[in-house]
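Structure first, commentary second.
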Amino acid sequence: MTLQAIKYQNGDLEILDQLLLPHNSKYISIKSVNDGWNAIKTMQVRGAPAIAIVGCLSLCVELKPQSFQSKTALREEIEAKLNYLITSRPTAVNMKLAAEDLITLAIKLETNNSININDMKEKFISAIEKMLEKDIADNQAIGDHGAKDILRGFPEDSKLRMLTHCNTGSLATAGYGTALGVIRSLHAANKLENVYFTETRPYNQGARLTAYELIHDKIPHTLVGDSMVAALMNTKSISAVVVGADRVAINGDTANKIGTYQIAVTANHHKVPFYIAAPFTSIDKKIPDGTHIVIEERPATEMTHIGNLQLAASGVNCWNPAFDVTPASLITGIITERGVFRPEELQNVVDS
Ligand SMILES: CSC[C@H]1O[C@H](OP(=O)(O)O)[C@H](O)[C@@H]1O
């Protein structure tokens, strides 16, 4: 049984509280859009695809028992709630793109005179519920495309030593994962010697979440400190790096967890292929390059403390950007559910 960050059944939504992992595995109920917004803001649920799915499903939970005076009233409520959910975290684009698509759908249903208000609500909720299965299918395609493309650079009988950063697995998506999906596909094909993964300070997505997933799936692994990446590449002959994405600009510049950029620079220095793994729901075709991506800054307490344990001296000044931008020039390939593309190919692929 694979790990499930999100449990949804006919209007009931629960999420695994990722702030408590790996020591406690506790599901919490999401009963409203406010609950969804708070769970995303506090990072009880995180990961670009999972943020969009939980945000949208929290709207399903809220809409299901409600009745509305008119289709216009229903569309207005949908629009207001989705625009509120977008404000929970600014860097990942998935929630924004899902909101745009769903508002377009709501307007289409509102103006379709052949369907009544109950049909409109049912069709709208069903469209959101389909996001779960689609994300899992996309991730399995990403995993297989990525494994195949990375292996092309190695002899037939190779087993790879991979490096990844942060958490991009079943705890960041509806299941299987993006970059960790590529690792899972390599492992399933018996082509993975080992995956090295970083702690990913300060939220420790690697040490807490990726470790939890790799141990659960019995995938060969080694945890390393964020500051060890250059020494690792210099001594362990890393085959390739694969990481996730929160927002990919149309030129291929990519925002991902803080620390990704310096891994890309180090990989470039050591001539290690560097891949981004992300579904098309993470590609923002409206922004030309990475300079337009808003980088979320998180509270200093997330650096100075681990849970309730204070690490840093009281009164210390902090800078805590949650993401950085890796320029397309450092990216070998962008692994998507439709295939693997060089950054410069993205514009044509997105438009096709
Ligand atoms: C497939 S998850 C993508 C992305 O989201 C994570 O950020 P966070 O844990 O702050 O939500 C990380 O950047 C992953 O690479």
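Residue names in the structure tokens use chain letters A, B, ... in the order shown, residue numbers from 1 in each chain, and ligand numbers from 1 in the order shown.
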All residues having an atom within 6 Å of ligand 1 (only C-alpha atoms and all ligand atoms) as a list in words: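 Going residue by residue within 6 Å of ligand 1, we get Arg46, Gly47, Ala48, Pro49, Cys166, Asn167, Thr168, Ala172, Thr173, Thr178, Val243, Gly244, Ala245, Asp246, Asn256 and Lys257 of chain A.
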Create the file for the chosen residues now, containing N, CA and C atoms and written as a PDB file, in the first residue's frame.
```pdb
ATOM      1  N   ARG A  46       1.794  20.091   1.770  1.00  0.00           N
ATOM      2  CA  ARG A  46       2.644  20.939   0.942  1.00  0.00           C
ATOM      3  C   ARG A  46       3.031  20.130  -0.277  1.00  0.00           C
ATOM      4  N   GLY A  47       3.686  20.843  -1.197  1.00  0.00           N
ATOM      5  CA  GLY A  47       3.995  20.213  -2.484  1.00  0.00           C
ATOM      6  C   GLY A  47       3.053  20.783  -3.527  1.00  0.00           C
ATOM      7  N   ALA A  48       3.589  21.349  -4.585  1.00  0.00           N
ATOM      8  CA  ALA A  48       2.768  22.103  -5.545  1.00  0.00           C
ATOM      9  C   ALA A  48       1.505  21.357  -5.989  1.00  0.00           C
ATOM     10  N   PRO A  49       1.591  20.108  -6.472  1.00  0.00           N
ATOM     11  CA  PRO A  49       0.355  19.423  -6.881  1.00  0.00           C
ATOM     12  C   PRO A  49      -0.611  19.150  -5.734  1.00  0.00           C
ATOM     13  N   CYS A 166      14.566  17.923  -1.357  1.00  0.00           N
ATOM     14  CA  CYS A 166      13.237  18.191  -0.833  1.00  0.00           C
ATOM     15  C   CYS A 166      12.379  16.926  -0.884  1.00  0.00           C
ATOM     16  N   ASN A 167      11.058  17.102  -0.919  1.00  0.00           N
ATOM     17  CA  ASN A 167      10.174  15.935  -1.047  1.00  0.00           C
ATOM     18  C   ASN A 167       9.251  16.164  -2.225  1.00  0.00           C
ATOM     19  N   THR A 168       9.275  15.180  -3.132  1.00  0.00           N
ATOM     20  CA  THR A 168       8.462  15.291  -4.342  1.00  0.00           C
ATOM     21  C   THR A 168       7.728  13.980  -4.591  1.00  0.00           C
ATOM     22  N   ALA A 172       3.798  14.866  -1.618  1.00  0.00           N
ATOM     23  CA  ALA A 172       3.734  16.180  -2.273  1.00  0.00           C
ATOM     24  C   ALA A 172       2.725  16.190  -3.419  1.00  0.00           C
ATOM     25  N   THR A 173       2.100  15.031  -3.620  1.00  0.00           N
ATOM     26  CA  THR A 173       1.175  14.885  -4.768  1.00  0.00           C
ATOM     27  C   THR A 173       0.009  13.990  -4.329  1.00  0.00           C
ATOM     28  N   THR A 178       6.673  13.183  -8.337  1.00  0.00           N
ATOM     29  CA  THR A 178       7.250  13.665  -9.595  1.00  0.00           C
ATOM     30  C   THR A 178       8.717  13.245  -9.677  1.00  0.00           C
ATOM     31  N   VAL A 243      14.941  16.820  -9.524  1.00  0.00           N
ATOM     32  CA  VAL A 243      14.224  17.558  -8.480  1.00  0.00           C
ATOM     33  C   VAL A 243      12.843  17.951  -9.010  1.00  0.00           C
ATOM     34  N   GLY A 244      11.996  18.444  -8.120  1.00  0.00           N
ATOM     35  CA  GLY A 244      10.652  18.863  -8.522  1.00  0.00           C
ATOM     36  C   GLY A 244      10.634  20.316  -8.968  1.00  0.00           C
ATOM     37  N   ALA A 245       9.409  20.857  -9.019  1.00  0.00           N
ATOM     38  CA  ALA A 245       9.256  22.266  -9.406  1.00  0.00           C
ATOM     39  C   ALA A 245       7.981  22.805  -8.779  1.00  0.00           C
ATOM     40  N   ASP A 246       8.010  24.079  -8.463  1.00  0.00           N
ATOM     41  CA  ASP A 246       6.807  24.764  -8.000  1.00  0.00           C
ATOM     42  C   ASP A 246       6.229  25.645  -9.080  1.00  0.00           C
ATOM     43  N   ASN A 256      11.998  26.217  -7.393  1.00  0.00           N
ATOM     44  CA  ASN A 256      11.873  25.002  -6.606  1.00  0.00           C
ATOM     45  C   ASN A 256      12.437  25.279  -5.216  1.00  0.00           C
ATOM     46  N   LYS A 257      12.353  24.262  -4.345  1.00  0.00           N
ATOM     47  CA  LYS A 257      12.782  24.437  -2.966  1.00  0.00           C
ATOM     48  C   LYS A 257      14.150  25.108  -2.860  1.00  0.00           C
TER      49      LYS A 257
END
```
Show me, as a tab-separated table (two decimals) with C-alpha atoms, in the first residue's frame, the residues that have an atom within 7 Å of Thr91 in chain A when counting only C-alpha atoms, minus same-chain residues fewer than 4 positions from it.
```
chain	number	residue	atom	x	y	z
A	246	ASP	CA	6.81	24.76	-8.00
A	247	ARG	CA	6.61	27.00	-11.04
A	293	ILE	CA	8.24	34.32	-10.06
A	294	VAL	CA	7.31	35.52	-6.54
A	295	ILE	CA	9.50	33.81	-3.94
A	296	GLU	CA	7.68	33.07	-0.68
```
What is the distance, in Å and to one decimal place, between CA of Ile258 in chain A and CA of Thr200 in chain A?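 Taking CA of Ile258 in chain A as the start and CA of Thr200 in chain A as the end point, the length is 8.0 Å.
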Write out as JSON, numbers by chain each polymer residue whose atoms come within 7 Å of Leu160 in chain A, counting only C-alpha atoms; drop sequence neighbours fewer than 6 positions from it. {"A": [191, 192, 193, 194, 239]}
Hey, can you spit out that residue selection with N, CA and C atoms as a compact mmCIF listing (two decimals), in the first residue's frame?
```txt
# COMPACT_ATOMS: atom_id res chain seq x y z
N LYS A 191 17.13 -0.39 -11.91
CA LYS A 191 18.19 0.45 -12.48
C LYS A 191 18.69 1.49 -11.49
N LEU A 192 18.35 1.30 -10.21
CA LEU A 192 18.78 2.26 -9.19
C LEU A 192 19.74 1.59 -8.22
N GLU A 193 20.97 2.10 -8.19
CA GLU A 193 21.92 1.59 -7.18
C GLU A 193 21.63 2.24 -5.83
N ASN A 194 21.44 3.59 -5.89
CA ASN A 194 21.18 4.31 -4.64
C ASN A 194 20.63 5.69 -4.96
N SER A 239 25.14 9.95 -10.91
CA SER A 239 24.74 9.76 -12.31
C SER A 239 23.95 10.96 -12.81
```
Show me, as a ChimeraX atom specification, the residues that have an atom within 12 Å of range 27-30 of chain A when counting only C-alpha atoms, minus same-chain residues fewer than 2 positions from it. /A:4-9,11-21,24-25,32-40,44-45,54-62
What gap, in Å, lies between CA of Ile183 in chain A and CA of His269 in chain A?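 According to the coordinates, CA of Ile183 in chain A and CA of His269 in chain A are separated by 23.0 Å.
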I'd like the contact shell of Met233 in chain A - 12 Å cut-off, only C-alpha atoms, skipping same-chain residues fewer than 6 positions apart - returned as a count of residues only. 20
How close does range 210-308 of chain A get to range 95-104 of chain A? List, as a tab-separated table, each residue of range 210-308 of chain A within 10 Å, its nearest atom pair and the distance in Å to one decimal, counting only C-alpha atoms.
```
residue	atom	partner	partner_atom	distance
A:Thr281	CA	A:Leu97	CA	6.9
A:Ser282	CA	A:Leu97	CA	8.2
A:Ile283	CA	A:Leu97	CA	8.9
A:Asp284	CA	A:Leu97	CA	8.0
```
Counting only C-alpha atoms, which residues in range 128-214 of chain A sit no more than 6 Å from range 325-346 of chain A? For each one, give the nearest pair of atoms and the distance in Å, sorted by chain then residue number, as a Markdown table.
```
| residue | atom | partner | partner_atom | distance |
| --- | --- | --- | --- | --- |
| A:Asp138 | CA | A:Glu337 | CA | 5.1 |
| A:Ala141 | CA | A:Glu337 | CA | 4.9 |
| A:Ile142 | CA | A:Glu337 | CA | 4.5 |
| A:His145 | CA | A:Gly339 | CA | 5.7 |
| A:Gly146 | CA | A:Ile335 | CA | 5.6 |
```
For C-alpha atoms, I'd like the residues from the last selection saved as a CSV table (one decimal), in the first residue's frame.
```csv
chain,number,residue,atom,x,y,z
A,138,ASP,CA,0.6,12.0,-14.7
A,141,ALA,CA,4.0,8.9,-16.8
A,142,ILE,CA,6.6,11.4,-15.5
A,145,HIS,CA,9.5,9.1,-19.2
A,146,GLY,CA,12.2,10.4,-16.8
```
For Gly206 in chain A: contacts at 9 Å, only C-alpha atoms, fewer than 6 positions along chain excluded, given as a count of residues only: 10
Which residues, written as a PyMOL selection string, have at least one atom at most 7 Å from Ile219 in chain A, with only C-alpha atoms counted and residues fewer than 4 positions away on the same chain left out? chain A and resi 187+214-215
Could you dump the residues just selected with C-alpha atoms as an mmCIF file, in the first residue's frame?
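Now in out.cif:
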```cif
data_model
loop_
_atom_site.group_PDB
_atom_site.id
_atom_site.type_symbol
_atom_site.label_atom_id
_atom_site.label_comp_id
_atom_site.auth_asym_id
_atom_site.auth_seq_id
_atom_site.Cartn_x
_atom_site.Cartn_y
_atom_site.Cartn_z
ATOM 1 C CA HIS A 187 13.971 1.301 -8.777
ATOM 2 C CA LEU A 214 12.022 5.691 0.811
ATOM 3 C CA ILE A 215 12.079 3.552 3.953
#
```
Separation of CA of Val229 in chain A and CA of Ala179 in chain A, in Å? 17.3 Å
Can you pull out every residue from range 45-84 of chain A that DSSP, working from the backbone, puts in helix (DSSP H, G or I), and format the result as a PyMOL selection string? chain A and resi 48-63+71-84
N, CA and C atoms of the current selection, written as a PDB file, in the first residue's frame:
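Produced file again.pdb, reproduced below:
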```pdb
ATOM      1  N   ALA A  48       3.589  21.349  -4.585  1.00  0.00           N
ATOM      2  CA  ALA A  48       2.768  22.103  -5.545  1.00  0.00           C
ATOM      3  C   ALA A  48       1.505  21.357  -5.989  1.00  0.00           C
ATOM      4  N   PRO A  49       1.591  20.108  -6.472  1.00  0.00           N
ATOM      5  CA  PRO A  49       0.355  19.423  -6.881  1.00  0.00           C
ATOM      6  C   PRO A  49      -0.611  19.150  -5.734  1.00  0.00           C
ATOM      7  N   ALA A  50      -0.069  18.761  -4.582  1.00  0.00           N
ATOM      8  CA  ALA A  50      -0.937  18.450  -3.428  1.00  0.00           C
ATOM      9  C   ALA A  50      -1.651  19.702  -2.936  1.00  0.00           C
ATOM     10  N   ILE A  51      -0.984  20.849  -2.996  1.00  0.00           N
ATOM     11  CA  ILE A  51      -1.613  22.116  -2.587  1.00  0.00           C
ATOM     12  C   ILE A  51      -2.848  22.381  -3.444  1.00  0.00           C
ATOM     13  N   ALA A  52      -2.715  22.230  -4.763  1.00  0.00           N
ATOM     14  CA  ALA A  52      -3.849  22.472  -5.658  1.00  0.00           C
ATOM     15  C   ALA A  52      -4.966  21.469  -5.393  1.00  0.00           C
ATOM     16  N   ILE A  53      -4.636  20.205  -5.229  1.00  0.00           N
ATOM     17  CA  ILE A  53      -5.655  19.166  -5.044  1.00  0.00           C
ATOM     18  C   ILE A  53      -6.394  19.363  -3.721  1.00  0.00           C
ATOM     19  N   VAL A  54      -5.669  19.599  -2.637  1.00  0.00           N
ATOM     20  CA  VAL A  54      -6.321  19.779  -1.332  1.00  0.00           C
ATOM     21  C   VAL A  54      -7.131  21.069  -1.324  1.00  0.00           C
ATOM     22  N   GLY A  55      -6.574  22.129  -1.906  1.00  0.00           N
ATOM     23  CA  GLY A  55      -7.321  23.392  -1.970  1.00  0.00           C
ATOM     24  C   GLY A  55      -8.644  23.204  -2.699  1.00  0.00           C
ATOM     25  N   CYS A  56      -8.608  22.590  -3.866  1.00  0.00           N
ATOM     26  CA  CYS A  56      -9.827  22.411  -4.669  1.00  0.00           C
ATOM     27  C   CYS A  56     -10.793  21.426  -4.007  1.00  0.00           C
ATOM     28  N   LEU A  57     -10.281  20.355  -3.417  1.00  0.00           N
ATOM     29  CA  LEU A  57     -11.162  19.399  -2.738  1.00  0.00           C
ATOM     30  C   LEU A  57     -11.822  20.028  -1.514  1.00  0.00           C
ATOM     31  N   SER A  58     -11.136  20.977  -0.870  1.00  0.00           N
ATOM     32  CA  SER A  58     -11.765  21.646   0.288  1.00  0.00           C
ATOM     33  C   SER A  58     -12.980  22.446  -0.170  1.00  0.00           C
ATOM     34  N   LEU A  59     -12.948  22.915  -1.421  1.00  0.00           N
ATOM     35  CA  LEU A  59     -14.119  23.621  -1.989  1.00  0.00           C
ATOM     36  C   LEU A  59     -15.248  22.623  -2.243  1.00  0.00           C
ATOM     37  N   CYS A  60     -14.896  21.426  -2.711  1.00  0.00           N
ATOM     38  CA  CYS A  60     -15.915  20.369  -2.893  1.00  0.00           C
ATOM     39  C   CYS A  60     -16.621  20.086  -1.578  1.00  0.00           C
ATOM     40  N   VAL A  61     -15.839  19.915  -0.534  1.00  0.00           N
ATOM     41  CA  VAL A  61     -16.381  19.584   0.801  1.00  0.00           C
ATOM     42  C   VAL A  61     -17.374  20.658   1.239  1.00  0.00           C
ATOM     43  N   GLU A  62     -16.999  21.899   0.939  1.00  0.00           N
ATOM     44  CA  GLU A  62     -17.842  23.023   1.377  1.00  0.00           C
ATOM     45  C   GLU A  62     -19.122  23.137   0.520  1.00  0.00           C
ATOM     46  N   LEU A  63     -18.988  22.891  -0.792  1.00  0.00           N
ATOM     47  CA  LEU A  63     -20.129  23.085  -1.709  1.00  0.00           C
ATOM     48  C   LEU A  63     -21.183  21.983  -1.569  1.00  0.00           C
ATOM     49  N   LYS A  71     -27.676  29.813 -10.323  1.00  0.00           N
ATOM     50  CA  LYS A  71     -26.383  29.375 -10.880  1.00  0.00           C
ATOM     51  C   LYS A  71     -25.353  30.502 -10.758  1.00  0.00           C
ATOM     52  N   THR A  72     -25.834  31.739 -10.894  1.00  0.00           N
ATOM     53  CA  THR A  72     -24.908  32.879 -10.758  1.00  0.00           C
ATOM     54  C   THR A  72     -24.366  32.958  -9.338  1.00  0.00           C
ATOM     55  N   ALA A  73     -25.239  32.756  -8.360  1.00  0.00           N
ATOM     56  CA  ALA A  73     -24.782  32.776  -6.953  1.00  0.00           C
ATOM     57  C   ALA A  73     -23.746  31.677  -6.711  1.00  0.00           C
ATOM     58  N   LEU A  74     -23.975  30.509  -7.297  1.00  0.00           N
ATOM     59  CA  LEU A  74     -23.023  29.390  -7.147  1.00  0.00           C
ATOM     60  C   LEU A  74     -21.694  29.750  -7.806  1.00  0.00           C
ATOM     61  N   ARG A  75     -21.745  30.313  -9.011  1.00  0.00           N
ATOM     62  CA  ARG A  75     -20.489  30.676  -9.701  1.00  0.00           C
ATOM     63  C   ARG A  75     -19.754  31.756  -8.909  1.00  0.00           C
ATOM     64  N   GLU A  76     -20.482  32.721  -8.379  1.00  0.00           N
ATOM     65  CA  GLU A  76     -19.831  33.793  -7.607  1.00  0.00           C
ATOM     66  C   GLU A  76     -19.138  33.226  -6.375  1.00  0.00           C
ATOM     67  N   GLU A  77     -19.770  32.265  -5.701  1.00  0.00           N
ATOM     68  CA  GLU A  77     -19.185  31.621  -4.505  1.00  0.00           C
ATOM     69  C   GLU A  77     -17.923  30.856  -4.894  1.00  0.00           C
ATOM     70  N   ILE A  78     -18.014  30.124  -5.988  1.00  0.00           N
ATOM     71  CA  ILE A  78     -16.859  29.342  -6.483  1.00  0.00           C
ATOM     72  C   ILE A  78     -15.693  30.273  -6.771  1.00  0.00           C
ATOM     73  N   GLU A  79     -15.970  31.372  -7.460  1.00  0.00           N
ATOM     74  CA  GLU A  79     -14.912  32.314  -7.848  1.00  0.00           C
ATOM     75  C   GLU A  79     -14.249  32.927  -6.606  1.00  0.00           C
ATOM     76  N   ALA A  80     -15.072  33.312  -5.650  1.00  0.00           N
ATOM     77  CA  ALA A  80     -14.536  33.953  -4.437  1.00  0.00           C
ATOM     78  C   ALA A  80     -13.668  32.979  -3.645  1.00  0.00           C
ATOM     79  N   LYS A  81     -14.116  31.763  -3.514  1.00  0.00           N
ATOM     80  CA  LYS A  81     -13.380  30.776  -2.708  1.00  0.00           C
ATOM     81  C   LYS A  81     -12.073  30.352  -3.392  1.00  0.00           C
ATOM     82  N   LEU A  82     -12.099  30.201  -4.701  1.00  0.00           N
ATOM     83  CA  LEU A  82     -10.871  29.810  -5.415  1.00  0.00           C
ATOM     84  C   LEU A  82      -9.849  30.938  -5.375  1.00  0.00           C
ATOM     85  N   ASN A  83     -10.319  32.177  -5.518  1.00  0.00           N
ATOM     86  CA  ASN A  83      -9.388  33.311  -5.445  1.00  0.00           C
ATOM     87  C   ASN A  83      -8.806  33.460  -4.055  1.00  0.00           C
ATOM     88  N   TYR A  84      -9.553  33.037  -3.052  1.00  0.00           N
ATOM     89  CA  TYR A  84      -9.009  33.050  -1.681  1.00  0.00           C
ATOM     90  C   TYR A  84      -7.944  31.964  -1.515  1.00  0.00           C
TER      91      TYR A  84
END
```
Select, from A:Met131, A:Leu151, A:Ile238, A:Leu105, the residue with the minimum atom-to-atom distance to Val182 in chain A, counting only C-alpha atoms.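 Among A:Met131, A:Leu151, A:Ile238, A:Leu105, it is A:Leu151 that comes nearest to Val182 in chain A.
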Contact table range 141-238 of chain A vs range 298-313 of chain A, cut-off 10 Å, shortest pair per residue, only C-alpha atoms, as a Markdown table:
```
| residue | atom | partner | partner_atom | distance |
| --- | --- | --- | --- | --- |
| A:Arg201 | CA | A:Met303 | CA | 7.9 |
| A:Pro202 | CA | A:Met303 | CA | 5.3 |
| A:Tyr203 | CA | A:Glu302 | CA | 6.7 |
| A:Asn204 | CA | A:Ile306 | CA | 9.1 |
```
Please dump the current selection as a PDB file, in the first residue's frame; keep C-alpha atoms.
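Output (result_4.pdb):
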```pdb
ATOM      1  CA  ARG A 201      16.625  22.697   5.748  1.00  0.00           C
ATOM      2  CA  PRO A 202      14.794  24.428   7.330  1.00  0.00           C
ATOM      3  CA  TYR A 203      11.495  22.472   7.003  1.00  0.00           C
ATOM      4  CA  ASN A 204      13.450  19.209   6.506  1.00  0.00           C
TER       5      ASN A 204
END
```
